[in-house]
Amino acid sequence: LRRLYRSLLAFVSVLLLWSSAATAAEPPKTSCKSIGDPGSGCLLGGITLEGSDRLQVRQHRNWGTPEMLAAIVRAVDVVHAEQPGGHTLVVGDLSRKAGGRFRPHRSHQSGRDADIGYFLKQSRCPGFMRKANRDNFDVARTWTMLWDWLSRDEVEYVFVDWRLQKQLYIHARDVAQVARTNLTRIFQYPKSRAKRVGIIRHQRGHSDHMHARFRAPASVAVGAAYAALNPHLIKPTPIFRTIRRGDTLTRLARRHKVRIKDLRKWNKLRRRHVLRPRQKLIVGWRSPRGPTQVTAP
Ligand SMILES: [Zn+2]
């Protein structure tokens with residue numbers, strides 16, 4: 001009887017352990033759905049980033065996932081707590097209410113992208129995305145904000161101009177004393193601005209603002225589950241190829257297993273179009289998440 005009792009006890013404890021593990025693995029509850037790729041997706045049930053004495057936002061362009069907005073607000077609060085006296089931060093475009101195409105951006109479609117101004121060495125809010133340079137860039141405050149996201153693994157990447165990246169790198173290494181292995185993981189600098197490595201990377205046009213891509217795991221998970229039931233919500237994204245010398249439509253079609261007719265249609269090419277080297281052409285479509293088939297829109 002004692003043996004039976006003991007095995008029963010073991011069984012119950014395993015059951016308890018299993019159920020607690022199951023609840024721990026569950027993602028936080030959210031009704032927000034970040035659907036598809038940020039370059040072709042949409043946003044359902046997003047929320048707005050509200051303006052405050054610490055944040056200047058753009059109405060109707062300030063929608064996003066709760067994870068992203070919470071991360072922005074918290075990081076800015078950390079900056080003000082650690083280094084009081086900073087100016088109101090200018091926040092640019094996030095996503096539209098339902099996400100989707102947001103000109104002139106290529107991404108910003110699923111509530112996970114944010115254009116955020118840099119902290120500058122001035123007490124008044126610049127009021128617009130002002131270019132940062134060696135003289136006016138507030139490296140310390142900007143790094144505090146970035147580090148808050150990086151240390152929590154909340155960002156996939158952040159586009160920062162190469163020259164500003166250099167200032168941040170030196171600050172992180174010499175002042176913040178970030179370990180070398182972390183520096184290598186975080187920064188593209190000093191490798192090469194053309195190398196696609198690091199979380200903080202160079203991209204042209206990011207000297208007056210940074211572009212941060214947030215992970216937003218709960219909204220992405222809920223979005224993926226929802227998209228599986230509603231496949232029409234996921235639109236395919238174009239696959240681009242740069243034309244090299246000697247490329248012809250026939251050769252491209254053969255290489256990418258598509259029809260010449262489709263290449264013409266996707267790229268709006270005329271009959272007698274001559275391909276130029278370095279020109280970018282759509283050679284196919286990919287559907288990054290969800291069960292939809294890869295088809296031309
Ligand atoms: Zn952007």
# chains A, B, ... in the order shown; residues from 1 in each chain; ligands from 1

call {"tool": "residues_near_ligand", "arguments": {"ligand": "ligand 1", "cutoff": "6 Å", "atoms": "only C-alpha atoms and all ligand atoms", "output": "PyMOL selection string"}}
result
chain A and resi 114-115+211

call {"tool": "write_last_selection", "arguments": {"atoms": "C-alpha atoms", "output": "short mmCIF file (atom, residue, chain, number, x, y, z; two decimals), in the first residue's frame"}}
result
data_model
loop_
_atom_site.label_atom_id
_atom_site.label_comp_id
_atom_site.auth_asym_id
_atom_site.auth_seq_id
_atom_site.Cartn_x
_atom_site.Cartn_y
_atom_site.Cartn_z
CA ALA A 114 9.54 52.79 -35.30
CA ASP A 115 11.36 55.86 -36.59
CA HIS A 211 14.74 52.92 -37.44
#

call {"tool": "select_by_dssp", "arguments": {"residues": "segment 10-234 of chain A", "states": "strand (DSSP E)", "output": "NGL selection string"}}
result
:A and (33-35 or 42-44 or 47-48 or 55-56 or 63-64 or 89-90 or 113-117 or 155-159 or 200-201 or 209-214)

call {"tool": "atom_distance", "arguments": {"atom1": "atom CA of Arg213 of chain A", "atom2": "atom CA of Val158 of chain A"}}
result
6.3 Å

call {"tool": "closest_residue", "arguments": {"among": "A:Leu168, A:Ala140, A:Met210, A:Ile282", "to": "Leu94 of chain A", "atoms": "only C-alpha atoms"}}
result
A:Met210

call {"tool": "residues_around", "arguments": {"residues": "Ala172 of chain A", "least_positions_apart": "4", "cutoff": "8 Å", "atoms": "only C-alpha atoms", "output": "number ranges by chain"}}
result
A: 143, 168, 176-178, 183

call {"tool": "write_last_selection", "arguments": {"atoms": "C-alpha atoms", "output": "CSV table (one decimal), in the first residue's frame"}}
result
chain,number,residue,atom,x,y,z
A,143,TRP,CA,23.0,54.8,-25.8
A,168,LEU,CA,27.9,55.1,-30.0
A,176,ALA,CA,29.5,52.1,-20.6
A,177,GLN,CA,32.2,49.4,-20.5
A,178,VAL,CA,30.2,46.9,-22.6
A,183,LEU,CA,30.1,44.9,-28.8

call {"tool": "closest_residue", "arguments": {"among": "A:Leu275, A:Ile72, A:Cys125, A:Val139", "to": "Ile243 of chain A", "atoms": "only C-alpha atoms"}}
result
A:Leu275

call {"tool": "closest_atom_pairs", "arguments": {"of": "segment 33-55 of chain A", "to": "segment 219-233 of chain A", "cutoff": "8 Å", "atoms": "only C-alpha atoms", "output": "CSV"}}
result
residue,atom,partner,partner_atom,distance
A:Lys33,CA,A:Gly223,CA,4.0
A:Ser34,CA,A:Gly223,CA,4.9
A:Ile35,CA,A:Gly223,CA,4.7
A:Gly36,CA,A:Ala224,CA,7.2
A:Gly41,CA,A:Leu233,CA,7.6
A:Cys42,CA,A:Leu233,CA,7.6

call {"tool": "write_last_selection", "arguments": {"atoms": "all heavy atoms", "output": "compact mmCIF listing (two decimals), in the first residue's frame"}}
result
# COMPACT_ATOMS: atom_id res chain seq x y z
N LYS A 33 -2.61 41.73 -33.05
CA LYS A 33 -2.07 40.76 -34.01
C LYS A 33 -1.15 41.47 -34.99
O LYS A 33 -1.60 42.32 -35.75
CB LYS A 33 -3.21 40.09 -34.77
CG LYS A 33 -4.19 39.38 -33.86
CD LYS A 33 -5.47 39.04 -34.60
CE LYS A 33 -6.55 38.58 -33.63
NZ LYS A 33 -7.21 39.71 -32.94
N SER A 34 0.12 41.12 -34.93
CA SER A 34 1.08 41.62 -35.90
C SER A 34 1.19 40.53 -36.96
O SER A 34 1.70 39.45 -36.70
CB SER A 34 2.42 41.86 -35.23
OG SER A 34 3.39 42.22 -36.19
N ILE A 35 0.67 40.83 -38.15
CA ILE A 35 0.51 39.77 -39.15
C ILE A 35 1.47 39.94 -40.31
O ILE A 35 1.60 41.02 -40.88
CB ILE A 35 -0.95 39.76 -39.65
CG1 ILE A 35 -1.86 39.31 -38.49
CG2 ILE A 35 -1.12 38.85 -40.85
CD1 ILE A 35 -3.33 39.42 -38.78
N GLY A 36 2.12 38.82 -40.65
CA GLY A 36 2.98 38.78 -41.83
C GLY A 36 4.27 39.55 -41.65
O GLY A 36 4.66 39.93 -40.55
N GLY A 41 2.92 43.20 -44.31
CA GLY A 41 1.90 42.67 -43.39
C GLY A 41 0.83 43.67 -43.02
O GLY A 41 0.59 44.65 -43.71
N CYS A 42 0.18 43.41 -41.91
CA CYS A 42 -0.83 44.33 -41.41
C CYS A 42 -0.90 44.22 -39.89
O CYS A 42 -0.21 43.40 -39.27
CB CYS A 42 -2.18 44.07 -42.05
SG CYS A 42 -2.85 42.45 -41.74

call {"tool": "residues_around", "arguments": {"residues": "Gln203 of chain A", "least_positions_apart": "6", "cutoff": "8 Å", "atoms": "only C-alpha atoms", "output": "compact mmCIF listing (two decimals) with N, CA and C atoms, in the first residue's frame"}}
result
# COMPACT_ATOMS: atom_id res chain seq x y z
N PHE A 159 18.63 50.66 -37.42
CA PHE A 159 19.43 51.36 -38.42
C PHE A 159 19.90 52.69 -37.85
N VAL A 160 21.22 52.86 -37.85
CA VAL A 160 21.85 54.09 -37.37
C VAL A 160 22.95 54.44 -38.35
N ASP A 161 23.04 55.71 -38.70
CA ASP A 161 24.09 56.16 -39.61
C ASP A 161 25.47 55.72 -39.12
N TRP A 162 26.33 55.36 -40.06
CA TRP A 162 27.66 54.82 -39.76
C TRP A 162 28.47 55.71 -38.83

call {"tool": "atom_distance", "arguments": {"atom1": "atom CA of Pro66 of chain A", "atom2": "atom CA of Gly46 of chain A"}}
result
7.0 Å

call {"tool": "residues_around", "arguments": {"residues": "Gly99 of chain A", "least_positions_apart": "2", "cutoff": "6 Å", "atoms": "only C-alpha atoms", "output": "PDB file with N, CA and C atoms, in the first residue's frame"}}
result
ATOM      1  N   CYS A  42       0.179  43.408 -41.913  1.00  0.00           N
ATOM      2  CA  CYS A  42      -0.830  44.334 -41.413  1.00  0.00           C
ATOM      3  C   CYS A  42      -0.899  44.216 -39.886  1.00  0.00           C
ATOM      4  N   LEU A  43      -1.729  45.045 -39.293  1.00  0.00           N
ATOM      5  CA  LEU A  43      -1.815  45.128 -37.841  1.00  0.00           C
ATOM      6  C   LEU A  43      -3.288  45.141 -37.445  1.00  0.00           C
ATOM      7  N   SER A  95       3.243  52.773 -37.371  1.00  0.00           N
ATOM      8  CA  SER A  95       2.410  52.125 -38.394  1.00  0.00           C
ATOM      9  C   SER A  95       1.093  52.872 -38.490  1.00  0.00           C
ATOM     10  N   ARG A  96       0.336  52.600 -39.548  1.00  0.00           N
ATOM     11  CA  ARG A  96      -1.014  53.141 -39.627  1.00  0.00           C
ATOM     12  C   ARG A  96      -1.939  52.260 -38.785  1.00  0.00           C
ATOM     13  N   LYS A  97      -3.180  52.701 -38.611  1.00  0.00           N
ATOM     14  CA  LYS A  97      -4.085  52.012 -37.691  1.00  0.00           C
ATOM     15  C   LYS A  97      -4.187  50.509 -37.960  1.00  0.00           C
ATOM     16  N   GLN A 109       4.768  48.105 -41.615  1.00  0.00           N
ATOM     17  CA  GLN A 109       3.438  47.626 -41.990  1.00  0.00           C
ATOM     18  C   GLN A 109       2.767  46.757 -40.938  1.00  0.00           C
ATOM     19  N   SER A 110       3.531  46.273 -39.947  1.00  0.00           N
ATOM     20  CA  SER A 110       2.914  45.324 -39.012  1.00  0.00           C
ATOM     21  C   SER A 110       3.085  45.732 -37.547  1.00  0.00           C
TER      22      SER A 110
END

call {"tool": "residues_around", "arguments": {"residues": "Leu146 of chain A", "least_positions_apart": "5", "cutoff": "9 Å", "atoms": "only C-alpha atoms", "output": "VMD selection string"}}
result
chain A and resid 75 141 151 158

call {"tool": "residues_around", "arguments": {"residues": "segment 262-265 of chain A", "least_positions_apart": "3", "cutoff": "10 Å", "atoms": "only C-alpha atoms", "output": "list in words"}}
result
Leu249, Thr250, Leu252, Ala253, Val258, Arg259, Lys268, Leu269, Arg270, Arg271, His273, Leu281, Ile282, Val283, Gly284 and Ala296 of chain A

call {"tool": "closest_residue", "arguments": {"among": "A:Thr237, A:Asn136, A:Thr181, A:Ser207", "to": "Arg163 of chain A", "atoms": "only C-alpha atoms"}}
result
A:Ser207

call {"tool": "closest_residue", "arguments": {"among": "A:Arg286, A:Arg61, A:His206, A:Arg74", "to": "Gly100 of chain A", "atoms": "only C-alpha atoms"}}
result
A:Arg61

call {"tool": "select_by_dssp", "arguments": {"residues": "segment 87-274 of chain A", "states": "helix (DSSP H, G or I)", "output": "count of residues only"}}
result
64

call {"tool": "atom_distance", "arguments": {"atom1": "atom CA of Arg106 of chain A", "atom2": "atom CA of Pro238 of chain A"}}
result
11.3 Å

call {"tool": "closest_residue", "arguments": {"among": "A:Arg58, A:Val155, A:Lys166, A:Gln83", "to": "Ile199 of chain A", "atoms": "only C-alpha atoms"}}
result
A:Val155

call {"tool": "closest_residue", "arguments": {"among": "A:Thr88, A:Asn267, A:Ser40, A:Thr142", "to": "His108 of chain A", "atoms": "only C-alpha atoms"}}
result
A:Ser40
